[in-house]
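Data first, discussion second: the structure below is written as structure tokens.
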Amino acid sequence: MNATGNGPDRAPRHHGAEGAGREETDRDPLLRLLPPPPERDLPAERHFHHKDRLMHLIDNDRAREPRPSRSRPFLRRPALWTPLAATALAGVLAVTLTTTGDDRPTPPGGGAAVLLQQVAEVAARTEATAVRDDQYVYVKSLSAGAELEEDGTYRAAGEPAEREVWWSQDPAPAKTVGLIHENGSYFPVNELVPPGSEGVPAGLDRPTYTWLSTLPTDPDRLLERLYDLTDPDDGQEKAQAVFDTIGDLLSETYMPPRNAAALYRAAAKIPGVTRETDAEDAAGRHGYGIRRTDTRAATATEWVFAPDTLIYLGERTYLTRDTTSGKAGQTLEENAVLTRGVVDAYRARPDSPTDPA
């Protein structure tokens, strides 16, 4: 749901059958200069992600055009086809969970299941407007990510930067799926697809409001569906991949309240999910945390919820033990959702006119 790049740090590219092959040939020697992934400390997809970032930096130098600063594309999972191994869609999806009335939930006791059940109840009471296929989901957020150095270690993530994204809700296959605004520039979100393909259709890799509304609302059936749809990264636990998939859907989409509630109830059934009494998002907001640790990959992902309303605020992924890539506690990526809504055009903002080009 953004604009000119393939996500916060992706640039527009054109891929034809001949162009893709020529580009791959040009880049092969450069790919060999990259350091190998450090053993099995992190899922391979994260290293591919940084390889992809390097390729974009090379493109930037060639084209001499401005590009978005960050490279974390839309979802963690790889796109349908990429010659460079793992490319994801762009952005960060956010579910609007605004309760109706003045009643605020009582801070829950108990563990993760209790907290997620109450969060689900808040989500189910959300007042939401159905999104048409010709509209766009708008999300404004703060986000930051660690950079992989040449020696295979992660440089500390910088200060979270503001960005806006617009996601097209058109269910038809598309190569341009959104628009992003970052560092004062607009960039189209162009998906890398196989030669001859019409683009990426609505689905798990491009979760539109209409597609999300078709998911099962029974948490057991929904969890089974997500396990079927989700492929773990190399070295990642399957349960962690599903937990992260749910987090991706919660952080930057707009969906019917019943589906948001079902996602929280499904998350409560994933083994290893725990509750944290204090968690912090990229904006410095504190709240309750829901966390799952992938012991195989030495990472943990934590969702943050406002303590007074239980509205989803953001998430953070960090290392849980010292590895060859970094120290325990080092943040790998974080985000904080500031505003979300539905608009009728790119560059339009909720309750505001369309910005001039």
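Letters A, B, ... go to the chains of the structure tokens in the order shown; residues in each chain start at 1; ligands are counted from 1 in the same order.
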
Using DSSP secondary structure from the backbone, list all strand (DSSP E or B) positions within stretch 173-304 of chain A, as number ranges by chain.
A: 174, 176-182, 185-190, 200, 203, 206, 273-280, 286-294, 299-304

May I have the residues within 6 Å of A:Glu164 as a compact mmCIF listing (two decimals) with N, CA, C and O atoms, in the first residue's frame, using only C-alpha atoms and disregarding those fewer than 2 positions away in the same chain?
# COMPACT_ATOMS: atom_id res chain seq x y z
N VAL A 139 -1.33 3.96 5.44
CA VAL A 139 -0.68 3.72 6.72
C VAL A 139 0.50 4.67 6.88
O VAL A 139 1.35 4.77 6.00
N LYS A 140 0.54 5.35 8.01
CA LYS A 140 1.67 6.20 8.37
C LYS A 140 2.36 5.54 9.56
O LYS A 140 1.70 5.17 10.54
N ILE A 180 4.72 4.69 -1.97
CA ILE A 180 5.37 4.97 -0.70
C ILE A 180 5.91 6.39 -0.70
O ILE A 180 6.36 6.89 -1.74
N HIS A 181 5.82 7.05 0.44
CA HIS A 181 6.36 8.41 0.61
C HIS A 181 7.36 8.36 1.74
O HIS A 181 7.02 8.06 2.89

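Contact shell of A:Ile290 at 6 Å (only C-alpha atoms; same-chain neighbours under 6 positions omitted): Thr274, Arg275, Glu302 and Trp303 of chain A.
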
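Within 8 Å of A:Thr153, once only C-alpha atoms are used and residues closer than 5 positions along the same chain are dropped, the contacting residues are Leu148, Thr324, Ser325 and Gly326 of chain A.
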
Could those residues be written to a file, using N, CA, C and O atoms, as a JSON list (two decimals), in the first residue's frame?
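The new file again.json reads:
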[["chain", "number", "residue", "atom", "x", "y", "z"],
["A", 148, "LEU", "N", 23.29, -4.91, 7.43],
["A", 148, "LEU", "CA", 24.28, -5.97, 7.45],
["A", 148, "LEU", "C", 25.59, -5.47, 6.85],
["A", 148, "LEU", "O", 25.63, -5.03, 5.71],
["A", 324, "THR", "N", 27.16, -14.67, 15.68],
["A", 324, "THR", "CA", 28.21, -14.09, 14.86],
["A", 324, "THR", "C", 27.74, -12.83, 14.15],
["A", 324, "THR", "O", 28.54, -12.09, 13.58],
["A", 325, "SER", "N", 26.43, -12.57, 14.17],
["A", 325, "SER", "CA", 25.88, -11.37, 13.51],
["A", 325, "SER", "C", 25.68, -10.21, 14.46],
["A", 325, "SER", "O", 25.63, -9.05, 14.03],
["A", 326, "GLY", "N", 25.52, -10.49, 15.76],
["A", 326, "GLY", "CA", 25.27, -9.41, 16.69],
["A", 326, "GLY", "C", 25.09, -9.92, 18.11],
["A", 326, "GLY", "O", 25.16, -11.13, 18.37]]

Where in stretch 123-340 of chain A does DSSP assign helix (DSSP H, G or I), given as a count of residues only?
44

Might you pull out every residue within 8 Å of A:Asn335, with only C-alpha atoms counted and same-chain residues fewer than 4 positions away left off, and present them as a PyMOL selection string?
chain A and resi 141-144+160+281-283+314-316

Let me make sure I understand: among A:Glu280, A:Asp322, A:Glu252, A:Glu237, which one has the smallest atom-to-atom distance to A:Gly341 if we use only C-alpha atoms?
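Using only C-alpha atoms, the shortest distance to A:Gly341 belongs to A:Glu252.
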
Do you know which residues are at most 9 Å from A:Gly203 counting only C-alpha atoms, after dropping those on the same chain fewer than 5 positions away, and could you put them as JSON, numbers by chain?
{"A": [171, 208, 211, 212]}

For all heavy atoms, I'd like the residues from the last selection saved as a short mmCIF file (atom, residue, chain, number, x, y, z; two decimals), in the first residue's frame.
data_model
loop_
_atom_site.label_atom_id
_atom_site.label_comp_id
_atom_site.auth_asym_id
_atom_site.auth_seq_id
_atom_site.Cartn_x
_atom_site.Cartn_y
_atom_site.Cartn_z
N PRO A 171 -8.20 -6.37 -6.63
CA PRO A 171 -7.81 -7.77 -6.50
C PRO A 171 -7.12 -8.34 -7.74
O PRO A 171 -6.53 -9.42 -7.68
CB PRO A 171 -9.16 -8.47 -6.27
CG PRO A 171 -10.16 -7.61 -6.97
CD PRO A 171 -9.66 -6.20 -6.77
N THR A 208 -5.48 -7.84 0.46
CA THR A 208 -6.47 -6.78 0.36
C THR A 208 -7.60 -7.00 1.37
O THR A 208 -7.75 -8.10 1.92
CB THR A 208 -7.07 -6.72 -1.05
OG1 THR A 208 -7.77 -7.96 -1.30
CG2 THR A 208 -5.99 -6.54 -2.12
N TRP A 211 -9.80 -9.87 0.19
CA TRP A 211 -9.20 -11.20 0.39
C TRP A 211 -9.19 -11.56 1.87
O TRP A 211 -9.52 -12.69 2.24
CB TRP A 211 -7.77 -11.21 -0.16
CG TRP A 211 -7.13 -12.55 -0.01
CD1 TRP A 211 -7.30 -13.64 -0.82
CD2 TRP A 211 -6.26 -12.97 1.06
NE1 TRP A 211 -6.57 -14.71 -0.33
CE2 TRP A 211 -5.92 -14.32 0.82
CE3 TRP A 211 -5.73 -12.33 2.17
CZ2 TRP A 211 -5.08 -15.05 1.66
CZ3 TRP A 211 -4.89 -13.05 3.02
CH2 TRP A 211 -4.57 -14.39 2.75
N LEU A 212 -8.82 -10.63 2.72
CA LEU A 212 -8.80 -10.91 4.16
C LEU A 212 -10.18 -11.30 4.67
O LEU A 212 -10.31 -12.13 5.58
CB LEU A 212 -8.28 -9.69 4.91
CG LEU A 212 -6.78 -9.40 4.75
CD1 LEU A 212 -6.46 -7.98 5.21
CD2 LEU A 212 -5.96 -10.42 5.53
#

Selection near A:Thr217, 9 Å with only C-alpha atoms, sequence-local residues under 3 positions removed, as an MDAnalysis selection string
chainID A and resid 213:214 220:222 258:263

Gap from atom CA of A:Glu191 to atom CA of A:Thr129 - Å, one decimal:
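Atom CA of A:Thr129 lies at a distance of 28.0 Å from atom CA of A:Glu191.
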
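Of the listed residues (A:Gln118, A:Thr277, A:Thr331, A:Thr339), A:Thr331 comes nearest to A:Glu159; the distances count only C-alpha atoms.
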